[in-house]
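Source file: run-v4.cif. Holds: mmCIF, C-alpha atoms.
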```cif
data_start
loop_
_atom_site.label_atom_id
_atom_site.label_comp_id
_atom_site.auth_asym_id
_atom_site.auth_seq_id
_atom_site.Cartn_x
_atom_site.Cartn_y
_atom_site.Cartn_z
CA MET A 27 40.99 50.46 121.61
CA ARG A 28 41.84 52.84 118.74
CA THR A 29 39.81 55.77 120.07
CA LYS A 30 41.95 56.24 123.23
CA TYR A 31 44.95 57.18 121.07
CA ILE A 32 43.07 59.93 119.27
CA PRO A 33 43.74 62.63 121.95
CA PHE A 34 47.44 61.79 121.93
CA ILE A 35 47.58 61.95 118.13
CA PHE A 36 45.71 65.26 118.22
CA LEU A 37 48.14 66.63 120.85
CA PHE A 38 51.13 65.49 118.77
CA VAL A 39 49.74 67.17 115.66
CA LEU A 40 48.95 70.33 117.64
CA VAL A 41 52.49 70.54 119.05
CA CYS A 42 54.01 69.97 115.61
CA THR A 43 51.73 72.59 114.09
CA CYS A 44 52.62 75.16 116.75
CA GLN A 45 56.32 74.47 116.25
CA GLU A 46 55.92 74.89 112.50
CA VAL A 47 54.12 78.19 113.03
CA MET A 48 56.88 79.44 115.35
CA ASN A 49 59.57 78.37 112.91
CA ALA A 50 57.69 80.10 110.11
CA GLN A 51 57.53 83.31 112.15
CA LYS A 52 61.22 83.14 112.95
CA SER A 53 61.93 82.80 109.24
CA LEU A 54 60.21 86.17 108.79
CA LEU A 55 62.87 87.80 110.98
CA LYS A 56 65.72 89.09 108.80
CA SER A 57 67.72 90.96 111.44
CA GLY A 58 67.33 92.53 114.84
CA PRO A 59 65.82 93.46 117.09
CA LEU A 60 68.12 96.46 117.45
CA LEU A 61 68.06 98.84 120.39
CA GLY A 62 68.13 102.43 119.20
CA PRO A 63 68.13 105.76 121.04
CA THR A 64 67.57 105.30 124.75
CA SER A 65 66.70 108.17 127.07
CA LEU A 66 65.13 108.51 130.51
CA ARG A 67 61.57 107.93 129.33
CA ASP A 68 61.73 106.71 125.74
CA VAL A 69 63.31 103.79 123.90
CA THR A 70 63.34 102.90 120.20
CA LEU A 71 63.32 99.30 119.01
CA TRP A 72 64.11 98.40 115.39
CA LEU A 73 63.55 95.22 113.42
CA GLN A 74 63.71 93.98 109.83
CA THR A 75 61.49 91.27 108.34
CA THR A 76 61.90 89.28 105.14
CA GLN A 77 58.52 90.37 103.77
CA GLU A 78 55.56 92.51 104.75
CA ALA A 79 54.53 91.60 108.28
CA THR A 80 53.13 93.14 111.45
CA VAL A 81 55.58 93.64 114.33
CA HIS A 82 55.14 94.48 117.97
CA PHE A 83 57.02 94.04 121.25
CA THR A 84 56.01 93.29 124.81
CA TYR A 85 58.10 94.44 127.76
CA LYS A 86 58.25 94.67 131.53
CA ALA A 87 60.73 95.64 134.25
CA LYS A 88 63.28 92.89 134.79
CA GLY A 89 62.59 90.85 137.89
CA SER A 90 59.12 92.29 138.39
CA LYS A 91 55.84 90.39 138.51
CA ASP A 92 54.20 92.94 136.24
CA VAL A 93 52.19 91.88 133.23
CA TYR A 94 54.00 92.45 129.94
CA ARG A 95 52.92 95.68 128.28
CA LYS A 96 52.36 95.79 124.53
CA SER A 97 53.83 98.27 122.10
CA GLU A 98 51.99 99.57 119.08
CA ARG A 99 51.80 97.29 116.05
CA VAL A 100 53.67 98.44 112.95
CA THR A 101 53.64 96.85 109.51
CA SER A 102 56.95 96.54 107.67
CA LYS A 103 56.88 97.82 104.09
CA LYS A 104 59.05 97.07 101.06
CA VAL A 105 59.74 100.77 100.45
CA ASP A 106 61.46 100.92 103.85
CA GLY A 107 63.42 97.70 103.32
CA TYR A 108 60.86 95.89 105.51
CA THR A 109 62.21 97.74 108.56
CA VAL A 110 60.15 99.04 111.46
CA GLN A 111 60.91 101.42 114.31
CA ILE A 112 58.74 101.28 117.40
CA HIS A 113 58.89 103.74 120.30
CA LEU A 114 58.28 102.68 123.89
CA SER A 115 57.39 105.94 125.60
CA ASP A 116 56.09 104.79 128.97
CA VAL A 117 59.28 103.50 130.58
CA ILE A 118 60.83 104.56 133.90
CA PRO A 119 64.30 106.13 134.23
CA GLY A 120 67.14 103.97 135.51
CA THR A 121 65.24 100.71 134.97
CA THR A 122 66.18 97.53 133.14
CA TYR A 123 63.44 95.97 131.01
CA ILE A 124 63.20 92.65 129.27
CA TYR A 125 61.29 92.49 126.02
CA LYS A 126 59.86 89.96 123.59
CA THR A 127 59.51 90.15 119.82
CA PHE A 128 56.32 89.29 117.93
CA ILE A 129 55.82 88.98 114.18
CA ASN A 130 52.23 88.56 113.01
CA ASN A 131 51.26 88.13 116.68
CA ILE A 132 53.52 85.07 117.14
CA GLU A 133 56.49 85.36 119.50
CA VAL A 134 59.90 84.90 117.91
CA ILE A 135 62.04 82.80 120.23
CA LEU A 136 65.63 84.07 120.22
CA SER A 137 68.70 82.29 121.56
CA TYR A 138 69.97 85.35 123.45
CA PRO A 139 68.38 87.67 126.02
CA THR A 140 66.80 90.92 124.85
CA GLU A 141 66.73 93.79 127.31
CA PHE A 142 67.42 97.49 127.70
CA THR A 143 68.19 99.90 130.51
CA THR A 144 66.89 103.46 130.46
CA GLN A 145 69.16 106.36 131.39
CA THR A 146 69.35 107.42 135.03
CA HIS A 147 67.61 110.56 136.25
CA TRP A 148 70.62 111.95 138.11
CA GLN A 149 70.21 115.68 137.40
CA PHE A 150 69.84 117.83 140.59
CA ARG A 151 70.02 114.61 142.62
CA THR A 152 73.44 112.99 142.49
CA ASP A 153 76.69 113.13 140.58
CA ALA A 154 76.45 111.83 137.03
CA PRO A 155 76.79 108.04 136.86
CA ASP A 156 79.88 106.37 135.43
CA PHE A 157 79.38 104.88 131.98
CA SER A 158 81.25 103.38 129.07
CA PHE A 159 80.78 103.34 125.32
CA ILE A 160 82.37 101.69 122.31
CA ALA A 161 83.43 103.72 119.29
CA GLY A 162 84.51 102.07 116.05
CA SER A 163 84.36 102.23 112.27
CA CYS A 164 84.99 100.30 109.07
CA PHE A 165 82.69 97.29 109.37
CA TYR A 166 83.12 95.21 106.23
CA VAL A 167 81.09 92.01 105.81
CA ASN A 168 82.28 89.83 102.94
CA ASP A 169 79.92 89.07 100.05
CA GLU A 170 81.73 86.86 97.57
CA SER A 171 79.37 87.60 94.68
CA TYR A 172 80.19 91.32 94.81
CA ASP A 173 83.64 91.46 96.41
CA ARG A 174 86.83 91.99 94.49
CA PRO A 175 88.78 88.82 93.64
CA GLY A 176 91.55 87.74 95.96
CA LYS A 177 91.95 87.80 99.72
CA PRO A 178 88.71 88.77 101.49
CA TYR A 179 88.72 92.37 102.67
CA GLY A 180 86.66 91.63 105.77
CA GLY A 181 86.90 89.05 108.53
CA ASN A 182 87.38 88.28 112.22
CA TYR A 183 83.69 88.76 112.94
CA GLU A 184 84.27 87.24 116.37
CA ILE A 185 85.38 90.73 117.39
CA VAL A 186 81.68 91.57 117.74
CA ASN A 187 81.40 88.90 120.44
CA GLU A 188 84.17 90.70 122.32
CA MET A 189 82.34 93.99 121.91
CA TYR A 190 79.22 92.34 123.31
CA LYS A 191 81.10 90.82 126.27
CA SER A 192 82.52 94.22 127.21
CA LYS A 193 78.94 95.36 128.04
CA PRO A 194 79.18 99.06 127.21
CA ASN A 195 76.27 101.39 127.88
CA LEU A 196 76.10 102.38 124.20
CA MET A 197 77.81 102.00 120.83
CA VAL A 198 78.84 104.84 118.51
CA TRP A 199 79.43 103.80 114.88
CA LEU A 200 81.85 106.22 113.22
CA GLY A 201 81.08 105.59 109.58
CA ASP A 202 81.80 102.96 106.94
CA ASN A 203 79.35 100.85 108.92
CA ILE A 204 78.62 99.16 105.60
CA TYR A 205 80.60 99.08 102.36
CA LEU A 206 78.57 99.87 99.27
CA ARG A 207 80.03 98.03 96.26
CA GLU A 208 79.72 98.47 92.53
CA GLY A 209 76.19 97.36 91.83
CA ASP A 210 74.99 98.80 95.13
CA TYR A 211 75.38 102.54 94.86
CA GLU A 212 73.83 102.74 91.36
CA SER A 213 70.33 102.00 92.67
CA ARG A 214 68.05 102.37 95.66
CA SER A 215 67.55 98.59 95.83
CA GLY A 216 71.30 98.07 95.82
CA ILE A 217 71.78 100.43 98.74
CA TYR A 218 69.09 98.65 100.74
CA HIS A 219 70.58 95.27 99.83
CA ARG A 220 73.95 96.25 101.29
CA HIS A 221 72.44 97.49 104.53
CA THR A 222 70.41 94.29 104.77
CA HIS A 223 73.38 92.01 104.06
CA THR A 224 75.54 93.70 106.69
CA ARG A 225 72.88 93.99 109.37
CA SER A 226 72.05 90.27 108.99
CA LEU A 227 75.48 89.11 110.22
CA PRO A 228 74.73 86.50 112.93
CA GLU A 229 77.44 87.79 115.27
CA LEU A 230 75.76 91.20 115.34
CA GLN A 231 72.38 90.11 116.62
CA PRO A 232 73.04 89.69 120.37
CA PHE A 233 75.12 92.88 120.44
CA ILE A 234 72.56 95.15 118.81
CA SER A 235 69.59 93.76 120.74
CA SER A 236 70.59 95.04 124.19
CA ILE A 237 73.06 97.91 123.66
CA PRO A 238 71.83 101.28 122.28
CA GLN A 239 73.23 101.94 118.81
CA TYR A 240 74.04 105.41 117.41
CA ALA A 241 75.68 106.11 114.06
CA ILE A 242 77.09 108.59 111.58
CA TRP A 243 78.02 107.75 108.01
CA ASP A 244 81.10 108.08 105.84
CA ASP A 245 81.71 107.55 102.13
CA HIS A 246 80.99 103.80 102.04
CA ASP A 247 77.59 104.19 103.77
CA TYR A 248 76.81 107.17 101.56
CA GLY A 249 77.92 106.21 98.05
CA PRO A 250 81.08 105.48 96.05
CA ASN A 251 84.56 105.73 97.54
CA ASP A 252 85.47 109.32 98.52
CA SER A 253 82.04 110.57 97.40
CA ASP A 254 80.93 114.15 97.92
CA TRP A 255 77.84 116.36 97.59
CA THR A 256 77.49 115.59 93.87
CA TYR A 257 76.55 111.92 94.39
CA PRO A 258 73.20 111.72 92.54
CA LEU A 259 71.58 109.02 94.72
CA LYS A 260 72.29 110.74 98.02
CA ASP A 261 68.56 110.97 98.84
CA HIS A 262 68.20 107.19 98.51
CA ALA A 263 71.27 106.73 100.68
CA LEU A 264 69.75 109.03 103.30
CA ASP A 265 66.45 107.12 103.27
CA ALA A 266 68.25 103.82 103.81
CA PHE A 267 70.49 105.16 106.56
CA GLN A 268 67.53 106.59 108.44
CA ASP A 269 65.60 103.35 107.97
CA PHE A 270 68.44 101.23 109.38
CA TRP A 271 69.79 103.58 112.07
CA PRO A 272 67.06 105.06 114.31
CA SER A 273 67.66 108.57 115.64
CA GLU A 274 65.57 111.16 117.43
CA SER A 275 67.37 114.15 115.95
CA TYR A 276 68.35 113.75 112.29
CA GLY A 277 68.49 117.11 110.55
CA ALA A 278 69.60 119.02 113.63
CA GLY A 279 69.88 122.71 112.85
CA ASP A 280 67.65 122.29 109.77
CA THR A 281 70.45 120.42 107.99
CA GLU A 282 69.63 117.89 105.28
CA GLY A 283 71.86 114.87 105.99
CA VAL A 284 72.46 112.73 109.09
CA THR A 285 73.53 115.50 111.48
CA SER A 286 72.24 114.78 114.98
CA SER A 287 73.06 115.04 118.67
CA PHE A 288 72.22 113.25 121.89
CA GLY A 289 73.12 113.33 125.56
CA TRP A 290 74.33 110.56 127.82
CA ASN A 291 74.65 111.43 131.50
CA ASP A 292 76.88 114.53 131.71
CA CYS A 293 78.27 114.13 128.17
CA GLN A 294 77.00 115.21 124.77
CA PHE A 295 77.62 113.61 121.40
CA PHE A 296 77.65 115.79 118.28
CA MET A 297 77.09 113.51 115.28
CA LEU A 298 78.35 115.31 112.18
CA ASP A 299 77.82 114.58 108.49
CA ASP A 300 81.05 114.72 106.45
CA ARG A 301 79.45 113.82 103.09
CA TRP A 302 76.27 115.72 102.32
CA TYR A 303 77.93 119.13 101.93
CA ARG A 304 81.49 118.08 101.02
CA THR A 305 82.73 120.08 98.03
CA VAL A 306 84.86 118.77 95.19
CA GLU A 307 87.00 121.87 95.56
CA VAL A 308 89.47 121.42 98.42
CA GLU A 309 91.17 124.81 98.55
CA ASN A 310 88.60 127.21 100.03
CA GLY A 311 86.19 124.25 100.06
CA THR A 312 84.15 122.70 102.86
CA ILE A 313 83.43 119.30 104.35
CA LEU A 314 80.68 120.29 106.78
CA GLY A 315 78.96 123.07 104.85
CA ASP A 316 78.05 126.48 106.21
CA LEU A 317 74.68 125.50 107.73
CA GLN A 318 75.95 122.44 109.58
CA LYS A 319 79.05 124.29 110.72
CA TYR A 320 76.96 127.15 112.08
CA TRP A 321 74.74 124.71 113.99
CA PHE A 322 77.76 122.87 115.38
CA LYS A 323 79.43 126.04 116.63
CA GLU A 324 76.25 127.25 118.29
CA ALA A 325 75.44 123.86 119.79
CA ILE A 326 78.87 123.10 121.22
CA LYS A 327 79.22 126.62 122.60
CA ALA A 328 75.87 126.27 124.37
CA SER A 329 76.65 122.79 125.71
CA LYS A 330 77.20 122.38 129.45
CA ALA A 331 78.45 118.80 129.03
CA ARG A 332 81.60 117.72 130.84
CA TYR A 333 82.87 115.95 127.74
CA LYS A 334 81.81 116.92 124.25
CA PHE A 335 82.34 114.05 121.83
CA VAL A 336 82.37 115.12 118.19
CA ALA A 337 81.79 112.13 115.90
CA VAL A 338 82.84 112.72 112.28
CA GLY A 339 84.10 110.24 109.70
CA GLY A 340 87.54 111.54 108.65
CA GLN A 341 90.41 112.45 110.96
CA PHE A 342 90.05 116.00 112.23
CA LEU A 343 93.14 116.93 114.25
CA SER A 344 95.81 115.03 112.33
CA ASP A 345 97.89 117.56 110.41
CA PHE A 346 98.75 115.00 107.74
CA ALA A 347 97.07 116.46 104.63
CA ALA A 348 96.29 113.31 102.68
CA TYR A 349 93.46 110.85 102.02
CA GLU A 350 90.26 112.43 103.38
CA ASN A 351 91.65 114.09 106.49
CA PHE A 352 90.33 117.52 107.44
CA ALA A 353 93.89 118.81 107.02
CA ASN A 354 93.20 118.84 103.26
CA TYR A 355 90.52 121.46 103.92
CA LYS A 356 92.96 123.46 106.02
CA GLU A 357 90.94 126.68 106.22
CA GLU A 358 87.85 124.94 107.59
CA ARG A 359 89.92 122.89 110.03
CA ALA A 360 91.68 126.04 111.25
CA GLU A 361 88.35 127.89 111.52
CA ILE A 362 86.83 125.26 113.80
CA ILE A 363 89.93 124.94 115.98
CA GLN A 364 90.10 128.74 116.31
CA PHE A 365 86.43 128.88 117.31
CA LEU A 366 86.86 126.22 120.00
CA ASP A 367 90.00 127.91 121.28
CA ASP A 368 88.63 131.47 121.26
CA ASN A 369 85.58 130.33 123.23
CA ASP A 370 87.64 128.24 125.68
CA ILE A 371 85.46 125.20 125.05
CA LYS A 372 86.66 122.43 127.33
CA GLY A 373 86.42 118.66 127.15
CA VAL A 374 86.36 118.36 123.35
CA VAL A 375 87.18 114.91 121.99
CA PHE A 376 86.79 114.17 118.29
CA LEU A 377 85.78 110.58 117.49
CA THR A 378 86.92 109.60 114.00
CA GLY A 379 87.34 106.55 111.80
CA ASP A 380 87.99 105.89 108.11
CA ARG A 381 91.73 105.29 108.19
CA HIS A 382 92.05 101.51 108.80
CA HIS A 383 94.30 102.16 111.74
CA SER A 384 93.75 103.60 115.21
CA GLU A 385 95.64 106.40 116.91
CA ILE A 386 95.22 109.38 119.24
CA SER A 387 96.08 112.95 118.30
CA LYS A 388 96.49 115.72 120.88
CA MET A 389 96.62 119.47 120.32
CA VAL A 390 97.55 122.05 122.95
CA THR A 391 96.85 125.61 121.81
CA GLU A 392 98.80 128.74 122.77
CA ARG A 393 95.91 129.62 125.08
CA GLY A 394 96.39 126.29 126.84
CA ASN A 395 93.25 124.56 125.56
CA VAL A 396 93.60 120.84 124.89
CA PHE A 397 91.74 119.01 122.13
CA TYR A 398 91.88 115.31 121.31
CA ASP A 399 91.08 113.18 118.29
CA VAL A 400 90.64 109.43 118.80
CA THR A 401 90.67 107.48 115.55
CA SER A 402 89.16 104.01 115.94
CA SER A 403 89.45 101.79 112.84
CA ALA A 404 88.94 99.12 111.66
CA ILE A 405 86.49 96.68 113.28
CA THR A 406 86.32 94.03 110.53
CA SER A 407 87.87 95.71 107.48
CA SER A 408 91.51 95.20 106.57
CA THR A 409 94.06 97.36 108.41
CA TYR A 410 97.30 99.04 107.34
CA ASP A 411 100.49 100.31 108.95
CA HIS A 412 100.41 104.10 108.71
CA SER A 413 103.04 104.72 111.39
CA LYS A 414 105.24 106.54 108.85
CA GLU A 415 102.62 109.22 108.28
CA PRO A 416 103.90 112.61 109.48
CA ASN A 417 101.09 113.39 111.92
CA THR A 418 102.96 115.65 114.33
CA LEU A 419 100.06 115.55 116.81
CA ARG A 420 100.07 111.75 117.25
CA VAL A 421 100.38 110.55 120.83
CA GLU A 422 103.52 108.45 120.85
CA GLY A 423 102.84 104.73 120.84
CA SER A 424 99.14 105.05 120.02
CA MET A 425 99.27 103.68 116.45
CA ILE A 426 97.33 100.39 116.17
CA ILE A 427 97.47 98.39 112.92
CA GLU A 428 95.24 95.41 113.72
CA ARG A 429 91.46 95.08 113.84
CA ASN A 430 90.22 96.71 117.00
CA PHE A 431 87.56 98.70 118.81
CA ALA A 432 87.82 101.42 121.45
CA ILE A 433 86.08 101.36 124.84
CA PHE A 434 85.77 104.76 126.51
CA LYS A 435 85.02 105.10 130.20
CA VAL A 436 83.75 108.24 131.91
CA SER A 437 84.05 107.94 135.67
CA GLY A 438 84.43 109.79 138.95
CA ASP A 439 82.45 112.36 140.88
CA LYS A 440 81.74 115.90 139.68
CA LYS A 441 85.05 117.29 140.93
CA ASN A 442 87.12 114.34 139.72
CA ARG A 443 85.48 113.37 136.43
CA LYS A 444 87.89 111.40 134.25
CA LEU A 445 88.00 109.95 130.75
CA SER A 446 89.99 106.95 129.60
CA VAL A 447 90.07 104.65 126.58
CA VAL A 448 91.19 101.09 126.00
CA PHE A 449 91.63 99.58 122.53
CA LYS A 450 90.91 95.85 122.25
CA ASN A 451 91.68 93.45 119.41
CA THR A 452 89.65 90.63 117.86
CA THR A 453 90.20 88.33 120.86
CA GLY A 454 89.41 90.98 123.44
CA GLN A 455 93.02 91.60 124.46
CA ASP A 456 94.05 95.12 125.44
CA VAL A 457 96.42 96.58 122.86
CA TYR A 458 96.65 100.20 124.04
CA SER A 459 95.19 102.39 126.77
CA TYR A 460 95.21 106.10 127.48
CA GLU A 461 93.99 108.49 130.17
CA PHE A 462 92.99 111.94 129.03
CA GLY A 463 94.17 115.05 130.83
CA ASN A 464 92.27 118.29 131.12
#
```
Could you write out this file's structure as structure tokens?
Amino acid sequence: MRTKYIPFIFLFVLVCTCQEVMNAQKSLLKSGPLLGPTSLRDVTLWLQTTQEATVHFTYKAKGSKDVYRKSERVTSKKVDGYTVQIHLSDVIPGTTYIYKTFINNIEVILSYPTEFTTQTHWQFRTDAPDFSFIAGSCFYVNDESYDRPGKPYGGNYEIVNEMYKSKPNLMVWLGDNIYLREGDYESRSGIYHRHTHTRSLPELQPFISSIPQYAIWDDHDYGPNDSDWTYPLKDHALDAFQDFWPSESYGAGDTEGVTSSFGWNDCQFFMLDDRWYRTVEVENGTILGDLQKYWFKEAIKASKARYKFVAVGGQFLSDFAAYENFANYKEERAEIIQFLDDNDIKGVVFLTGDRHHSEISKMVTERGNVFYDVTSSAITSSTYDHSKEPNTLRVEGSMIIERNFAIFKVSGDKKNRKLSVVFKNTTGQDVYSYEFGN
């Protein structure tokens, strides 16, 4: 009589053991997966574990009966903050894939879908597809042990759920994506701790797993508040940023920091570094540095993109010379504007953050060229009313003083290509919208 129960007991133990193994593997997942640069034929997936472990992904076209393909296996290392970046280089343009995550060869079961869609091969075939992207900055995640006493500086993390629900084609982080605190920026381990703490926010995980993420940094990702080229741990900060934010083109133009560029349909994004070369001297000083500035001028002049989005941390067009605006470095600001104007470079939109408010600035030159600067801040950091600032280029009514993010949409055929932006608050309500002219 007893022996007939043995198979059932064995099955029960086996099921429990398998569940324990799966739970153990899930506990090895610290954050991610994150979807990085996504092109026609290549995709980068990122993940962070809690300790050294082997990671791989399997993937197949959504809705197909294909067998899941396996990526390479990569081991996470302490020196890299236990992060891994894995390239999938055998994907098809314009195709949606679903993927699974494996740690130490055991699948990690997630509560949200993980998928990606490669860019469309439209060139010489059709008009460029419509697309949308989110731009935002100032992402503060509270950490009571290290935060200043008093009212928490960060909050309303539910805004990330609204960002996720908006289903953009990509996300552009405009700096202050983390906030290094005292105790962080004095050491390499502290810098990696802050990246890890921020990236582990539960609300982030569904958003970063299926929407390509691109980023620049500003002072709080880089070092102390308002830090410049003299920050002694800048190499550690660069290592951490590159470990947590995958990119195919860091160091564009033989620069040393996080300068990069990428294309999306008929648009190009120029991702500038406003920290690595920033001088202490303001008068006759520089934010971008000669090498990066030379690369930027050459690259944007050569670009055939319909819209040229220039992502840089501090406000560029605003003529209010305070805080860390480019107007403080008036000669460099004037030099860049003059270059764009002299070369009749069309479709230039600066994407900026930093200021803990959002607004749009518009400049029309004597030659008739039109340049825009869209400041999008803050996502989860505290915000302030800067409506009294004398920015003479501000588009009337565009000042936003609550937590928000900006959704840009590029739409229309080749002859009628248009750009618009909508700012949304923490509950996903529209707070301001704008259509750009030529």
Review point. By how many Å are atom CA of Thr143 of chain A and atom CA of Gly120 of chain A apart?
Key: 6.5 Å
Exercise for review: List the residues matched by the PyMOL selection byres ((chain A and resi 156) around 7) in the displayed structure as a list of chain:residue names, ordered by chain and then by residue number.
Suggested key: A:Ala154, A:Pro155, A:Phe157, A:Val436, A:Ser437, A:Gly438
Exercise for review: Select, from A:Val100, A:Leu66, A:Cys164, A:Val93, the residue with the minimum atom-to-atom distance to Gln145 of chain A, counting only C-alpha atoms.
Suggested key: A:Leu66
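Note that atom CA of Ile160 of chain A and atom CA of Asp300 of chain A are 20.6 Å apart.
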Review point. Mind listing as a ChimeraX atom specification all residues within 8 Å of (60.5, 95.1, 135.8), counting all atoms listed in the file?
Key: /A:86-92,121-124
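Put simply, atom CA of Tyr398 of chain A is 18.9 Å away from atom CA of Lys319 of chain A.
Distances to Gly289 of chain A were evaluated for A:Ser384, A:Thr101, A:Ser329, A:Ser408 using all atoms listed in the file, and the minimum falls at A:Ser329.
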Practice item. Name the residues that the PyMOL selection byres ((chain A and resi 375) around 9) picks from the file above, as JSON, numbers by chain, using the file's chain letters and numbers. Key: {"A": [333, 334, 335, 336, 337, 373, 374, 376, 377, 397, 398, 399, 400]}
**Study point:** Neighbour list for segment 95-97 of chain A as a ChimeraX atom specification, cut-off 8 Å, all atoms listed in the file, skip fewer than 5 positions in-chain
**Key:** /A:82-86,112-114
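The residues returned by the PyMOL selection byres ((chain A and resi 308) around 12) on the shown structure are A:Asp254, A:Arg304, A:Thr305, A:Val306, A:Glu307, A:Glu309, A:Asn310, A:Gly311, A:Thr312, A:Ile313, A:Ala347, A:Ala348, A:Tyr349, A:Glu350, A:Asn351, A:Phe352, A:Ala353, A:Asn354, A:Tyr355, A:Lys356, A:Glu357, A:Glu358, A:Arg359.
Closest approach to Leu445 of chain A among A:Ile217, A:Val421, A:Trp243, A:Phe159 is made by A:Phe159 (distances from all atoms listed in the file).
Taking all atoms listed in the file into account, His383 of chain A lies nearest to A:Glu428 out of the set A:Glu324, A:Glu428, A:Asp280, A:Asp265.
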**Study point:** Long-range neighbours of Asp370 of chain A as a list of chain:residue names, 10 Å cut-off, all atoms listed in the file, 6 positions minimum in chain
**Key:** A:Lys327, A:Gln364, A:Arg393, A:Gly394, A:Asn395, A:Val396
**Study point:** Close residues, Lys450 of chain A itself excluded, 12 Å, all atoms listed in the file, min 3 positions apart in chain, as number ranges by chain
**Key:** A: 160-162, 185-189, 191-192, 384, 402-405, 426-434, 447, 453-459
Exercise for review: Please identify all polymer residues within 7 Å of Pro59 of chain A, counting only C-alpha atoms, omitting same-chain residues fewer than 4 positions from it, and present them as a PyMOL selection string.
Suggested key: chain A and resi 71-73+235
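All protein and nucleic acid residues in the vicinity of (82.5, 122.5, 114.2), that is within 9 Å when counting all atoms listed in the file, are Leu298, Leu314, Gln318, Lys319, Tyr320, Trp321, Phe322, Lys323, Glu324, Ile326, Val336, Glu358, Arg359, Glu361, Ile362, Ile363, Phe365 and Leu366 of chain A.
Counting all atoms listed in the file, the residue from A:Asp368, A:Val390, A:Val338, A:Phe288 that sits nearest to Tyr276 of chain A is A:Phe288.
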Just so I have it separately, write segment 373-386 of chain A from the block I sent, keeping N, CA and C atoms, as a JSON list (two decimals), in the first residue's frame.
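File written: selection22.json
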```json
[["chain", "number", "residue", "atom", "x", "y", "z"],
["A", 373, "GLY", "N", 16.08, 71.70, -39.76],
["A", 373, "GLY", "CA", 15.51, 70.64, -38.93],
["A", 373, "GLY", "C", 16.27, 70.37, -37.65],
["A", 374, "VAL", "N", 16.92, 71.40, -37.09],
["A", 374, "VAL", "CA", 17.70, 71.21, -35.86],
["A", 374, "VAL", "C", 16.82, 71.44, -34.63],
["A", 375, "VAL", "N", 16.77, 70.43, -33.78],
["A", 375, "VAL", "CA", 16.03, 70.51, -32.53],
["A", 375, "VAL", "C", 16.94, 70.05, -31.40],
["A", 376, "PHE", "N", 17.28, 70.95, -30.49],
["A", 376, "PHE", "CA", 18.05, 70.58, -29.32],
["A", 376, "PHE", "C", 17.13, 69.93, -28.30],
["A", 377, "LEU", "N", 17.59, 68.83, -27.71],
["A", 377, "LEU", "CA", 16.86, 68.14, -26.64],
["A", 377, "LEU", "C", 17.66, 68.32, -25.36],
["A", 378, "THR", "N", 17.10, 69.01, -24.38],
["A", 378, "THR", "CA", 17.85, 69.35, -23.18],
["A", 378, "THR", "C", 17.06, 69.03, -21.92],
["A", 379, "GLY", "N", 17.78, 68.99, -20.80],
["A", 379, "GLY", "CA", 17.14, 68.67, -19.52],
["A", 379, "GLY", "C", 17.65, 69.58, -18.43],
["A", 380, "ASP", "N", 17.97, 69.00, -17.27],
["A", 380, "ASP", "CA", 18.70, 69.66, -16.19],
["A", 380, "ASP", "C", 17.89, 70.60, -15.32],
["A", 381, "ARG", "N", 16.93, 71.34, -15.87],
["A", 381, "ARG", "CA", 16.41, 72.53, -15.22],
["A", 381, "ARG", "C", 15.26, 72.31, -14.23],
["A", 382, "HIS", "N", 14.70, 71.11, -14.16],
["A", 382, "HIS", "CA", 13.57, 70.83, -13.26],
["A", 382, "HIS", "C", 12.35, 71.66, -13.63],
["A", 383, "HIS", "N", 12.25, 71.96, -14.89],
["A", 383, "HIS", "CA", 11.03, 72.46, -15.51],
["A", 383, "HIS", "C", 11.15, 72.11, -16.99],
["A", 384, "SER", "N", 10.04, 72.19, -17.71],
["A", 384, "SER", "CA", 10.05, 71.98, -19.15],
["A", 384, "SER", "C", 9.62, 73.26, -19.86],
["A", 385, "GLU", "N", 10.16, 73.46, -21.04],
["A", 385, "GLU", "CA", 9.76, 74.60, -21.86],
["A", 385, "GLU", "C", 10.32, 74.40, -23.26],
["A", 386, "ILE", "N", 9.85, 75.22, -24.20],
["A", 386, "ILE", "CA", 10.35, 75.21, -25.57],
["A", 386, "ILE", "C", 10.89, 76.60, -25.89]]
```
